[in-house]
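Enquirer: Input structure: query27.txt, which contains compact mmCIF, C-alpha atoms and all ligand atoms.
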# COMPACT_ATOMS: atom_id res chain seq x y z
CA MET A 1 -35.07 10.30 6.07
CA GLU A 2 -32.04 9.50 3.97
CA THR A 3 -29.89 12.46 3.02
CA LYS A 4 -29.82 13.08 -0.72
CA ILE A 5 -26.87 14.60 -2.54
CA TYR A 6 -27.52 16.18 -5.94
CA LEU A 7 -24.66 16.64 -8.37
CA LYS A 8 -24.07 19.53 -10.75
CA SER A 9 -24.95 18.87 -14.37
CA LYS A 10 -22.36 16.67 -16.15
CA LYS A 11 -20.72 15.84 -12.80
CA ASP A 12 -22.57 12.52 -12.77
CA GLN A 13 -20.40 11.19 -15.61
CA SER A 14 -17.67 9.66 -13.48
CA LEU A 15 -20.25 7.90 -11.28
CA VAL A 16 -22.04 6.55 -14.34
CA ARG A 17 -18.62 5.03 -15.18
CA ARG A 18 -18.59 3.60 -11.63
CA HIS A 19 -15.71 5.66 -10.34
CA PRO A 20 -16.34 5.55 -6.56
CA TRP A 21 -15.51 9.13 -5.48
CA VAL A 22 -17.69 12.25 -5.35
CA PHE A 23 -15.57 15.39 -4.96
CA SER A 24 -16.95 18.33 -2.96
CA GLY A 25 -16.84 20.55 -6.07
CA ALA A 26 -19.27 18.26 -7.90
CA ILE A 27 -22.11 18.77 -5.40
CA LYS A 28 -24.95 21.11 -6.31
CA ASP A 29 -27.40 20.53 -3.46
CA VAL A 30 -27.75 18.59 -0.24
CA GLU A 31 -31.23 17.59 0.98
CA GLY A 32 -30.74 16.94 4.70
CA GLN A 33 -27.90 17.66 7.11
CA PRO A 34 -25.45 14.81 6.82
CA VAL A 35 -22.61 14.37 9.29
CA ASP A 36 -19.37 12.41 8.95
CA GLY A 37 -19.90 8.74 8.23
CA ASP A 38 -23.59 9.01 7.28
CA ILE A 39 -24.82 6.84 4.44
CA VAL A 40 -26.26 9.14 1.76
CA SER A 41 -27.85 8.58 -1.63
CA VAL A 42 -26.35 10.36 -4.64
CA HIS A 43 -28.42 11.70 -7.52
CA ALA A 44 -27.79 13.33 -10.88
CA ASN A 45 -28.74 16.94 -11.46
CA LYS A 46 -32.26 16.02 -12.54
CA GLY A 47 -32.75 13.58 -9.66
CA ARG A 48 -31.83 10.21 -11.20
CA PHE A 49 -30.54 7.80 -8.52
CA LEU A 50 -26.83 6.96 -8.97
CA GLY A 51 -25.93 5.02 -5.84
CA ARG A 52 -25.15 5.21 -2.12
CA GLY A 53 -21.99 6.00 -0.23
CA MET A 54 -20.32 7.27 2.95
CA PHE A 55 -20.38 10.99 3.56
CA SER A 56 -17.40 12.91 4.84
CA MET A 57 -17.37 16.63 5.71
CA GLY A 58 -13.68 17.50 5.54
CA GLY A 59 -11.30 16.80 2.65
CA SER A 60 -11.91 16.90 -1.08
CA ILE A 61 -13.74 13.56 -1.37
CA SER A 62 -17.25 14.10 0.01
CA VAL A 63 -18.78 10.71 -0.74
CA ARG A 64 -17.09 7.33 -1.14
CA MET A 65 -19.51 5.14 -3.05
CA LEU A 66 -20.43 1.74 -1.65
CA SER A 67 -23.03 0.73 -4.19
CA PHE A 68 -24.32 1.76 -7.61
CA GLU A 69 -27.53 -0.21 -7.11
CA ASP A 70 -30.59 0.60 -5.09
CA HIS A 71 -30.09 -1.75 -2.17
CA PRO A 72 -29.45 -1.06 1.53
CA ILE A 73 -25.98 -0.43 2.95
CA ASP A 74 -26.03 -2.69 5.99
CA THR A 75 -23.94 -5.21 7.91
CA ASP A 76 -24.90 -7.84 5.37
CA LEU A 77 -23.34 -5.90 2.51
CA PHE A 78 -19.98 -5.70 4.31
CA LYS A 79 -20.21 -9.37 5.19
CA ARG A 80 -20.79 -10.24 1.52
CA ARG A 81 -17.91 -8.07 0.34
CA LEU A 82 -15.45 -9.42 2.92
CA THR A 83 -16.52 -13.00 2.27
CA ARG A 84 -15.75 -12.42 -1.40
CA ALA A 85 -12.41 -10.78 -0.51
CA TRP A 86 -11.56 -13.81 1.65
CA GLU A 87 -12.52 -16.22 -1.16
CA THR A 88 -10.32 -14.29 -3.62
CA ARG A 89 -7.29 -14.66 -1.29
CA LYS A 90 -8.15 -18.31 -0.74
CA ASN A 91 -8.23 -18.87 -4.52
CA LEU A 92 -4.87 -17.13 -4.76
CA GLY A 93 -3.47 -19.72 -2.35
CA LEU A 94 -2.73 -17.15 0.35
CA VAL A 95 -5.14 -18.30 3.07
CA ASP A 96 -3.90 -21.87 3.40
CA SER A 97 -0.27 -21.36 2.42
CA LYS A 98 2.39 -22.98 4.58
CA GLU A 99 5.03 -20.56 3.28
CA THR A 100 3.17 -17.24 3.54
CA GLN A 101 1.17 -16.12 6.59
CA ILE A 102 0.95 -12.46 5.60
CA PHE A 103 -1.54 -11.04 3.10
CA ARG A 104 -3.89 -8.14 2.43
CA LEU A 105 -7.52 -9.14 2.90
CA CYS A 106 -9.10 -5.85 1.86
CA HIS A 107 -7.60 -3.28 -0.48
CA ALA A 108 -10.17 -0.48 -0.14
CA GLU A 109 -11.72 0.46 -3.51
CA GLY A 110 -10.12 -2.66 -5.03
CA ASP A 111 -12.38 -4.76 -2.81
CA GLN A 112 -15.34 -2.36 -3.03
CA ILE A 113 -14.95 -1.04 0.51
CA PRO A 114 -13.43 2.43 -0.02
CA GLY A 115 -11.24 3.68 2.81
CA CYS A 116 -10.82 0.22 4.33
CA ILE A 117 -7.49 -1.59 4.53
CA ILE A 118 -7.25 -4.97 6.26
CA ASP A 119 -3.93 -6.79 6.55
CA VAL A 120 -3.62 -10.32 7.95
CA TYR A 121 -0.69 -11.57 10.04
CA GLY A 122 -1.34 -15.16 11.04
CA GLU A 123 -4.47 -15.16 13.22
CA THR A 124 -4.64 -11.38 13.56
CA ALA A 125 -6.29 -8.96 11.13
CA VAL A 126 -5.21 -5.33 11.31
CA LEU A 127 -7.94 -2.90 10.23
CA GLN A 128 -6.93 0.58 9.10
CA SER A 129 -9.58 3.20 8.31
CA HIS A 130 -8.75 5.91 5.79
CA ALA A 131 -12.30 7.33 5.95
CA ILE A 132 -14.25 8.21 9.07
CA GLY A 133 -17.26 6.19 7.88
CA ILE A 134 -15.15 3.04 7.97
CA TYR A 135 -13.94 3.83 11.49
CA MET A 136 -17.54 4.22 12.64
CA LEU A 137 -18.35 0.82 11.18
CA ARG A 138 -15.33 -0.88 12.77
CA GLU A 139 -17.31 -3.18 15.07
CA GLU A 140 -19.46 -4.46 12.19
CA LEU A 141 -16.37 -4.85 9.99
CA ALA A 142 -14.51 -6.76 12.72
CA GLN A 143 -17.44 -9.18 13.08
CA ALA A 144 -17.61 -9.55 9.28
CA ILE A 145 -13.88 -10.43 9.20
CA LEU A 146 -14.32 -13.13 11.87
CA ASP A 147 -17.36 -14.56 10.07
CA ALA A 148 -15.82 -14.42 6.58
CA SER A 149 -12.72 -16.28 7.78
CA LYS A 150 -14.83 -18.96 9.52
CA GLY A 151 -12.65 -18.84 12.63
CA ARG A 152 -9.28 -18.66 10.86
CA ILE A 153 -8.90 -15.04 12.08
CA LYS A 154 -9.13 -14.82 15.88
CA TYR A 155 -8.33 -11.17 16.62
CA VAL A 156 -8.98 -7.81 14.97
CA TYR A 157 -6.71 -4.88 15.85
CA ASP A 158 -7.80 -1.38 14.88
CA ARG A 159 -4.88 0.77 13.72
CA SER A 160 -6.72 3.90 12.56
CA ALA A 161 -5.30 6.60 14.84
CA ASP A 162 -2.73 7.88 12.34
CA THR A 163 -4.70 7.56 9.11
CA LEU A 164 -7.86 9.58 9.79
CA SER A 165 -8.16 13.31 9.20
CA LYS A 166 -6.74 15.76 11.76
CA GLU A 167 -9.91 16.44 13.73
CA TYR A 168 -10.28 12.76 14.63
CA LYS A 169 -6.66 11.97 15.36
CA ASP A 170 -6.88 12.84 19.05
CA GLN A 171 -10.15 11.02 19.64
CA VAL A 172 -9.21 7.74 18.00
CA LYS A 173 -7.17 5.21 19.93
CA ASN A 174 -5.64 2.07 18.44
CA GLY A 175 -6.56 -1.22 20.06
CA TYR A 176 -8.23 -4.58 19.77
CA ILE A 177 -11.90 -4.72 18.85
CA GLY A 178 -13.36 -7.49 21.01
CA GLU A 179 -10.99 -10.21 22.12
CA GLN A 180 -7.46 -9.05 23.02
CA GLY A 181 -4.68 -10.55 20.95
CA PRO A 182 -0.89 -10.22 20.77
CA ASP A 183 0.96 -7.00 19.84
CA GLN A 184 3.46 -8.63 17.55
CA GLY A 185 4.66 -11.91 16.16
CA ILE A 186 6.95 -13.72 13.74
CA PHE A 187 5.41 -14.63 10.40
CA LEU A 188 6.49 -16.26 7.16
CA GLU A 189 6.51 -14.71 3.71
CA HIS A 190 7.57 -17.17 0.98
CA GLY A 191 9.32 -19.04 3.78
CA HIS A 192 11.29 -16.00 5.02
CA LYS A 193 10.79 -15.01 8.67
CA PHE A 194 9.74 -11.49 9.65
CA ALA A 195 9.13 -9.97 13.08
CA ILE A 196 6.06 -7.78 12.70
CA ASP A 197 4.70 -5.29 15.20
CA TRP A 198 1.32 -3.84 14.22
CA VAL A 199 1.10 -1.69 17.35
CA SER A 200 4.19 0.45 16.72
CA GLY A 201 5.36 -0.41 13.17
CA GLN A 202 4.82 1.73 10.05
CA LYS A 203 1.44 1.39 8.25
CA THR A 204 -0.04 -1.87 9.61
CA GLY A 205 3.44 -3.18 10.48
CA PHE A 206 4.77 -4.46 7.15
CA PHE A 207 4.85 -3.53 3.46
CA ILE A 208 2.94 -6.50 2.13
CA ASP A 209 2.70 -4.95 -1.33
CA GLN A 210 6.33 -5.76 -2.20
CA ARG A 211 6.00 -9.53 -1.57
CA GLU A 212 6.30 -10.66 -5.21
CA ASN A 213 8.97 -8.06 -6.04
CA ARG A 214 11.07 -9.29 -3.11
CA ARG A 215 10.77 -12.78 -4.58
CA ILE A 216 11.94 -11.48 -7.97
CA LEU A 217 14.97 -9.86 -6.32
CA GLY A 218 15.75 -13.20 -4.65
CA GLU A 219 15.77 -14.87 -8.07
CA ILE A 220 18.56 -12.60 -9.38
CA SER A 221 20.60 -12.20 -6.18
CA ALA A 222 22.94 -15.21 -6.10
CA GLY A 223 26.58 -14.16 -6.10
CA LYS A 224 25.70 -10.45 -6.19
CA LYS A 225 26.51 -7.43 -4.03
CA ILE A 226 23.34 -5.53 -3.21
CA LEU A 227 22.36 -2.16 -1.80
CA ASN A 228 18.78 -2.01 -0.49
CA THR A 229 17.82 1.62 0.11
CA PHE A 230 14.70 2.74 2.04
CA CYS A 231 14.86 -0.78 3.46
CA TYR A 232 12.46 -0.46 6.48
CA THR A 233 12.23 -4.04 7.89
CA GLY A 234 14.85 -5.22 5.38
CA GLY A 235 12.35 -7.26 3.36
CA PHE A 236 14.34 -7.11 0.12
CA SER A 237 17.60 -7.70 2.02
CA ILE A 238 16.42 -10.94 3.64
CA TYR A 239 15.33 -12.41 0.30
CA ALA A 240 18.62 -11.39 -1.34
CA ALA A 241 20.78 -12.78 1.47
CA LEU A 242 18.88 -16.07 1.71
CA SER A 243 19.15 -16.48 -2.07
CA GLY A 244 22.93 -16.37 -1.99
CA ALA A 245 23.91 -12.71 -2.34
CA THR A 246 27.54 -12.34 -1.30
CA LEU A 247 26.94 -9.05 0.52
CA VAL A 248 23.81 -7.05 1.31
CA HIS A 249 23.75 -3.49 2.63
CA SER A 250 20.44 -2.25 4.12
CA LEU A 251 20.07 1.51 4.20
CA ASP A 252 17.43 3.59 6.01
CA SER A 253 17.38 6.97 7.71
CA SER A 254 15.49 5.54 10.70
CA GLN A 255 17.36 3.72 13.47
CA LYS A 256 14.10 2.04 14.51
CA ALA A 257 13.85 0.53 11.03
CA LEU A 258 17.46 -0.67 11.14
CA ASP A 259 16.87 -2.29 14.54
CA LEU A 260 14.08 -4.27 12.88
CA VAL A 261 16.41 -5.25 10.04
CA GLU A 262 18.96 -6.59 12.56
CA LYS A 263 16.21 -8.59 14.24
CA ASN A 264 15.12 -10.10 10.91
CA VAL A 265 18.72 -10.83 9.89
CA LYS A 266 19.16 -12.83 13.12
CA LEU A 267 15.80 -14.58 12.77
CA ASN A 268 16.81 -15.84 9.33
CA GLU A 269 20.29 -16.84 10.54
CA ILE A 270 22.09 -14.71 7.96
CA PRO A 271 25.82 -14.65 8.79
CA SER A 272 26.91 -11.18 9.94
CA GLU A 273 29.74 -11.00 7.39
CA ARG A 274 27.15 -11.07 4.59
CA HIS A 275 24.97 -8.23 5.84
CA ALA A 276 25.42 -4.69 7.18
CA CYS A 277 23.15 -1.77 8.04
CA ILE A 278 23.83 1.81 6.92
CA LYS A 279 22.07 4.70 8.64
CA ALA A 280 21.92 7.55 6.12
CA ASP A 281 19.78 9.72 3.93
CA ALA A 282 19.41 7.66 0.77
CA VAL A 283 19.59 10.58 -1.68
CA GLU A 284 22.72 12.02 -0.04
CA TYR A 285 24.35 8.60 0.20
CA LEU A 286 23.68 7.77 -3.46
CA LYS A 287 25.17 11.08 -4.65
CA ASP A 288 28.61 9.78 -3.98
CA LEU A 289 28.46 6.05 -3.45
CA PRO A 290 31.52 4.72 -1.64
CA GLU A 291 31.20 1.18 -3.05
CA ASP A 292 30.34 -0.69 -6.24
CA TYR A 293 27.12 -2.68 -6.28
CA ASP A 294 25.66 -5.20 -8.75
CA ILE A 295 22.08 -4.42 -7.74
CA ILE A 296 20.56 -1.31 -6.15
CA VAL A 297 16.98 -1.31 -4.81
CA LEU A 298 15.19 2.05 -4.59
CA ASP A 299 11.88 1.86 -2.71
CA PRO A 300 11.23 5.35 -1.31
CA PRO A 301 8.07 6.40 0.54
CA ALA A 302 5.46 8.22 -1.59
CA PHE A 303 7.07 11.47 -2.78
CA ALA A 304 3.64 12.89 -3.73
CA LYS A 305 0.53 12.70 -1.56
CA GLY A 306 -1.64 14.57 -4.10
CA MET A 307 -1.68 16.38 -7.43
CA HIS A 308 -0.34 19.57 -5.82
CA SER A 309 2.99 17.87 -5.09
CA ARG A 310 3.28 15.81 -8.28
CA HIS A 311 5.76 18.06 -10.03
CA ASN A 312 8.15 18.10 -7.06
CA ALA A 313 7.80 14.35 -6.72
CA ILE A 314 8.81 13.81 -10.35
CA GLN A 315 11.92 15.92 -9.73
CA GLY A 316 12.64 13.85 -6.62
CA TYR A 317 12.37 10.53 -8.49
CA LYS A 318 14.55 11.92 -11.29
CA ARG A 319 17.26 12.99 -8.83
CA LEU A 320 17.23 9.76 -6.81
CA ASN A 321 17.26 7.49 -9.87
CA GLY A 322 19.79 9.70 -11.65
CA HIS A 323 22.28 9.16 -8.80
CA ALA A 324 21.81 5.38 -8.92
CA ILE A 325 22.07 5.28 -12.74
CA ARG A 326 25.29 7.32 -12.64
CA GLN A 327 26.91 5.26 -9.89
CA ILE A 328 25.98 1.64 -10.58
CA LYS A 329 28.69 -0.47 -12.14
CA PRO A 330 28.45 -1.43 -15.85
CA GLY A 331 25.93 -4.24 -16.31
CA GLY A 332 24.39 -3.49 -12.91
CA ILE A 333 20.68 -3.72 -12.17
CA ILE A 334 18.44 -1.12 -10.55
CA MET A 335 15.10 -2.17 -9.06
CA THR A 336 13.23 1.09 -8.74
CA PHE A 337 9.74 1.88 -7.42
CA SER A 338 7.19 4.59 -6.92
CA CYS A 339 4.23 4.10 -4.59
CA SER A 340 2.74 7.57 -5.24
CA GLN A 341 -0.83 7.26 -6.45
CA VAL A 342 -0.57 10.37 -8.65
CA ILE A 343 2.50 9.09 -10.52
CA SER A 344 1.21 6.83 -13.30
CA PRO A 345 3.37 4.00 -14.72
CA GLN A 346 3.88 6.10 -17.87
CA ILE A 347 4.98 9.20 -15.93
CA PHE A 348 7.36 7.07 -13.87
CA ARG A 349 8.87 5.56 -16.99
CA ASP A 350 9.21 8.98 -18.63
CA THR A 351 10.94 10.26 -15.47
CA LEU A 352 13.47 7.43 -15.72
CA LEU A 353 13.95 8.19 -19.40
CA ALA A 354 14.79 11.79 -18.46
CA ALA A 355 17.22 10.57 -15.76
CA ALA A 356 18.91 8.19 -18.23
CA ILE A 357 19.31 10.98 -20.82
CA ASN A 358 20.83 13.24 -18.15
CA GLU A 359 23.32 10.60 -17.04
CA GLY A 360 24.20 9.53 -20.60
CA ARG A 361 23.99 5.79 -19.94
CA ASN A 362 22.15 3.12 -21.94
CA ILE A 363 19.39 1.40 -20.07
CA ARG A 364 17.17 -1.57 -20.89
CA ILE A 365 13.93 -2.36 -19.12
CA ILE A 366 14.16 -6.04 -18.20
CA GLY A 367 11.12 -6.19 -15.95
CA GLN A 368 7.96 -4.25 -15.17
CA LEU A 369 6.86 -4.55 -11.58
CA HIS A 370 3.61 -3.87 -9.79
CA GLN A 371 1.47 -4.59 -6.75
CA PRO A 372 0.47 -8.21 -6.07
CA ALA A 373 -2.92 -9.85 -6.61
CA ASP A 374 -4.07 -9.31 -3.01
CA HIS A 375 -3.91 -5.56 -3.78
CA PRO A 376 -6.50 -5.68 -6.59
CA ILE A 377 -7.31 -2.69 -8.77
CA ASN A 378 -10.96 -1.84 -9.34
CA ILE A 379 -10.98 -1.24 -13.11
CA PHE A 380 -13.21 1.81 -12.63
CA HIS A 381 -10.75 3.34 -10.14
CA PRO A 382 -7.34 3.55 -11.84
CA GLU A 383 -5.93 5.46 -8.82
CA GLY A 384 -5.85 2.08 -7.06
CA GLU A 385 -2.84 1.16 -9.21
CA TYR A 386 -0.35 2.89 -6.94
CA LEU A 387 2.75 0.67 -6.86
CA LYS A 388 4.84 0.57 -9.99
CA GLY A 389 8.42 -0.42 -10.55
CA LEU A 390 11.00 -1.11 -13.21
CA LEU A 391 13.91 -3.49 -13.36
CA LEU A 392 16.63 -1.69 -15.27
CA GLU A 393 19.89 -3.01 -16.62
CA VAL A 394 22.44 -0.26 -16.97
CA GLU A 395 25.09 -0.75 -19.66
N1 LIG A 401 11.30 -1.38 1.07
C1 LIG A 401 10.57 -1.50 2.32
C2 LIG A 401 9.52 -0.43 2.51
C3 LIG A 401 10.02 0.99 2.42
S1 LIG A 401 9.15 2.11 3.40
C4 LIG A 401 9.97 -2.90 2.44
O1 LIG A 401 10.13 -3.74 1.53
O2 LIG A 401 9.37 -3.20 3.45
C5 LIG A 401 10.11 3.55 3.29
C6 LIG A 401 11.30 3.62 4.22
O3 LIG A 401 12.09 4.73 3.81
C7 LIG A 401 10.99 3.87 5.69
O4 LIG A 401 11.55 2.86 6.47
C8 LIG A 401 11.65 5.23 6.03
O5 LIG A 401 12.26 5.24 7.31
C9 LIG A 401 12.69 5.32 4.95
N2 LIG A 401 13.10 6.67 4.55
C10 LIG A 401 12.31 7.77 4.36
N3 LIG A 401 13.04 8.80 3.90
C11 LIG A 401 14.32 8.35 3.79
C12 LIG A 401 15.54 8.93 3.34
N4 LIG A 401 15.58 10.20 2.92
N5 LIG A 401 16.65 8.18 3.35
C13 LIG A 401 16.63 6.89 3.77
N6 LIG A 401 15.50 6.29 4.20
C14 LIG A 401 14.36 7.00 4.21
Would you mind writing the file's structure down as structure tokens?
Ligand code: SAH
Expert:
Amino acid sequence: METKIYLKSKKDQSLVRRHPWVFSGAIKDVEGQPVDGDIVSVHANKGRFLGRGMFSMGGSISVRMLSFEDHPIDTDLFKRRLTRAWETRKNLGLVDSKETQIFRLCHAEGDQIPGCIIDVYGETAVLQSHAIGIYMLREELAQAILDASKGRIKYVYDRSADTLSKEYKDQVKNGYIGEQGPDQGIFLEHGHKFAIDWVSGQKTGFFIDQRENRRILGEISAGKKILNTFCYTGGFSIYAALSGATLVHSLDSSQKALDLVEKNVKLNEIPSERHACIKADAVEYLKDLPEDYDIIVLDPPAFAKGMHSRHNAIQGYKRLNGHAIRQIKPGGIIMTFSCSQVISPQIFRDTLLAAAINEGRNIRIIGQLHQPADHPINIFHPEGEYLKGLLLEVE
């Protein structure tokens, strides 16, 4: 018997609008005893069927919806969704590109598989579960990836150990599902070479979401002196240096990240006199910048993980951006980002407005930046729009 979840009156409204999350506080009654990962049906207060989703016991989201229609949730459904996701990337020119071998195949809610991230590096797909239901379905998902790609993907690596809730962390081990593949490799992004390690790197090994923004930085880098803060693998730095920047400084607080930058600098044959690493805390370093830069990139990790930390995050963005606005030379450009889901583009812009007022400098927005097309946003799930950025010219 399928478990049925009944919602409190009026709490069905967001589901009627196809928002894919059911919060624990919206549940009135549970008919059955569901456990983590079970597929359950969700009903309005009076019993009307609303859809089916994956149940999860801990955390504030109790059900992640997989369908708003009355059809079964089975291997076939995942195969259909991943085949469509693959076709979308193919239509975007990412699958057969000679210049780019790195793309996101599945962006969770944006591809109608909540909790499921799949990143592709050459012939390897890296699967990352953010919901226990997805982890339980990993074998089916891996097969669906191989089938959807018609042999283009050869290996599927599961990298879910650090993204599931606490109680599962110790039980889940990363590793290949099925055939064993490599642990790392060198891959192209718009013709730039990157060494990527999905076994020990951050997230799935690379921040694919900044691909088009890195390209934009490349377009304005010639002849410029650039500071790339929170640089991780040095993605922005490599584009800037290969596009003719006179000097690029890559700053991160992690030595492991800077080692990766050095590796990528060598891979791309960037002369050592045009690039240097700085190991420092970005906020401290920007307080009193020892050098003048034409362009400063600010790409910090998410300052807010949820609504409870939003206020502090806003203060953090204001402080960080305020330092850069104060210090950059006249006519300089700041490329600034927030990847916090709870910071909307409007809040981010208002935060920069507050920083500009504080610093007393005139600023013009010369570009509005966002996540690329392989990180689609489900229109019913605005939270999926997590990466936002602004290109600012400071007078
Ligand atoms: N811009 C990168 C992704 C940034 S990820 C890209 O294009 O790939 C965020 C990075 O910020 C991580 O490498 C982390 O080590 C670094 N970091 C976190 N806190 C920091 C701090 N206070 N100062 C400097 N770097 C920091």
Enquirer: Using only C-alpha atoms, which of the listed residues (A:Lys225, A:His43, A:Arg364, A:Lys305) sits closest to Lys329 of chain A?
Expert: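 Residue with the minimum atom-to-atom distance to Lys329 of chain A: A:Lys225.
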Enquirer: Could you name the residues that touch segment 269-280 of chain A at 8 Å or less, counting all atoms listed in the file, but leaving out those on the same chain fewer than 3 positions away, as a PyMOL selection string?
Expert: chain A and resi 241-242+245-255+258+261-262+265-266+284-285
Enquirer: Taking only C-alpha atoms and all ligand atoms into account, which of A:Lys98, A:Lys193, A:Lys8, A:Lys203 comes nearest ligand LIG 401 (chain A)?
Expert: A:Lys203
Enquirer: Write out as a PyMOL selection string each polymer residue (protein, DNA or RNA) that has an atom no more than 9 Å from ligand LIG 401 (chain A), with only C-alpha atoms and all ligand atoms counted.
Expert: chain A and resi 202+206-211+213-214+228-237+251-258+279-285+297-302
Enquirer: What's around Asp111 of chain A at 10 Å? Count all atoms listed in the file, leave out sequence neighbours fewer than 3 positions away in its own chain, and write the answer as a PDB file with C-alpha atoms, keeping the file's coordinate frame.
Expert:
ATOM      1  CA  ARG A  81     -17.910  -8.070   0.340  1.00  0.00           C
ATOM      2  CA  LEU A  82     -15.450  -9.420   2.920  1.00  0.00           C
ATOM      3  CA  ARG A  84     -15.750 -12.420  -1.400  1.00  0.00           C
ATOM      4  CA  ALA A  85     -12.410 -10.780  -0.510  1.00  0.00           C
ATOM      5  CA  THR A  88     -10.320 -14.290  -3.620  1.00  0.00           C
ATOM      6  CA  LEU A 105      -7.520  -9.140   2.900  1.00  0.00           C
ATOM      7  CA  CYS A 106      -9.100  -5.850   1.860  1.00  0.00           C
ATOM      8  CA  HIS A 107      -7.600  -3.280  -0.480  1.00  0.00           C
ATOM      9  CA  ALA A 108     -10.170  -0.480  -0.140  1.00  0.00           C
ATOM     10  CA  PRO A 114     -13.430   2.430  -0.020  1.00  0.00           C
ATOM     11  CA  CYS A 116     -10.820   0.220   4.330  1.00  0.00           C
ATOM     12  CA  ILE A 117      -7.490  -1.590   4.530  1.00  0.00           C
ATOM     13  CA  ASP A 374      -4.070  -9.310  -3.010  1.00  0.00           C
ATOM     14  CA  HIS A 375      -3.910  -5.560  -3.780  1.00  0.00           C
ATOM     15  CA  PRO A 376      -6.500  -5.680  -6.590  1.00  0.00           C
ATOM     16  CA  ILE A 377      -7.310  -2.690  -8.770  1.00  0.00           C
ATOM     17  CA  ASN A 378     -10.960  -1.840  -9.340  1.00  0.00           C
TER      18      ASN A 378
END
Enquirer: What are the closest atom pairs, with distances in Å to one decimal, for each residue of segment 224-323 of chain A lying within 10 Å of segment 167-191 of chain A, using only C-alpha atoms, rows by chain and rising residue number, as JSON lines?
Expert:
{"residue": "A:Gly235", "atom": "CA", "partner": "A:Glu189", "partner_atom": "CA", "distance": 9.5}
{"residue": "A:Tyr239", "atom": "CA", "partner": "A:His190", "partner_atom": "CA", "distance": 9.1}
{"residue": "A:Asn264", "atom": "CA", "partner": "A:Ile186", "partner_atom": "CA", "distance": 9.4}
{"residue": "A:Leu267", "atom": "CA", "partner": "A:Ile186", "partner_atom": "CA", "distance": 8.9}
{"residue": "A:Asn268", "atom": "CA", "partner": "A:Gly191", "partner_atom": "CA", "distance": 9.9}
Enquirer: Report the distance between atom CA of Asp288 of chain A and atom CA of Leu320 of chain A in Å, rounded to one decimal place.
Expert: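 Separation of atom CA of Asp288 of chain A and atom CA of Leu320 of chain A: 11.7 Å.
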Enquirer: Nearest residue to Ile73 of chain A out of A:Arg48, A:Ser97, A:His381, A:Val40, using all atoms listed in the file?
Expert: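 Going through A:Arg48, A:Ser97, A:His381, A:Val40 one by one, the smallest distance to Ile73 of chain A is for A:Val40.
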Enquirer: Out of A:Glu383, A:Asp12, A:Glu2, A:Glu212, which residue has the shortest atom-to-atom distance to Glu31 of chain A when counting all atoms listed in the file?
Expert: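 The closest residue to Glu31 of chain A is A:Glu2.
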Enquirer: Write out as a PyMOL selection string the residues lying within 9 Å of Ser67 of chain A, counting only C-alpha atoms and excluding same-chain residues fewer than 3 positions away.
Expert: chain A and resi 20+50-53+70-73+112
